[in-house]
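Q: Okay, handing you the structure first.
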Amino acid sequence: MKKKILIEGMSCQHCVGHVTEALGEICGVKSVNVDLDNKNAVVDLAHPVDDVKFKEAIDEAGYEVVGIEEI
């Protein structure tokens, strides 16, 4: 299962690193691919993860989730 998380507030590769680290620490996340140009992150999941966990992790990292969709 994969989810795309739309994120506002990222402006550089440093931001990409913060988001990658924040999402990578969530239990169940196998991999994270953050796309600065498209302002999103795609997470590959080992098992279902509640969207609230993604929002909390991104909020804590200092960015804003504007949408989450299953792909």
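In the structure tokens, the first chain shown is A, the next is B, and so on; residue numbers restart at 1 for each chain, and ligands run from 1 in the order shown.
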Name the residues of chain A that come out as helix (DSSP H, G or I) in a backbone DSSP run; write them as an NGL selection string.
A: :A and (13-24 or 51-61)
Q: Report the residues of chain A whose backbone DSSP state falls under strand (DSSP E or B), written as a PyMOL selection string.
A: chain A and resi 2-8+29-35+40-45+64-70
Q: Taking 3 positions as the minimum chain separation for residues in the same chain, which residues sit within 7 Å of Glu70 in chain A when counting only C-alpha atoms? Answer as a list in words.
A: Lys2, Lys3 and Lys4 of chain A
Q: Convert the current residue selection to file output with N, CA and C atoms, as a compact mmCIF listing (two decimals), in the first residue's frame.
A:
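What ended up in result.txt:
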# COMPACT_ATOMS: atom_id res chain seq x y z
N LYS A 2 0.48 2.23 -0.78
CA LYS A 2 1.21 3.50 -0.83
C LYS A 2 0.23 4.65 -0.59
N LYS A 3 0.73 5.71 0.01
CA LYS A 3 -0.06 6.92 0.19
C LYS A 3 0.76 8.12 -0.25
N LYS A 4 0.05 9.08 -0.86
CA LYS A 4 0.68 10.34 -1.24
C LYS A 4 0.20 11.41 -0.26
Q: My list of candidates is A:Pro48, A:Lys39, A:His18, A:Val32. Which is closest to Glu60 in chain A when distances are computed with only C-alpha atoms?
A: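 Nearest to Glu60 in chain A: A:His18.
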Q: With distances taken over only C-alpha atoms, which of A:Met1, A:Met10, A:Val52, A:Cys15 is nearest to Ser31 in chain A?
A: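 Smallest separation from Ser31 in chain A among the options: A:Met1.
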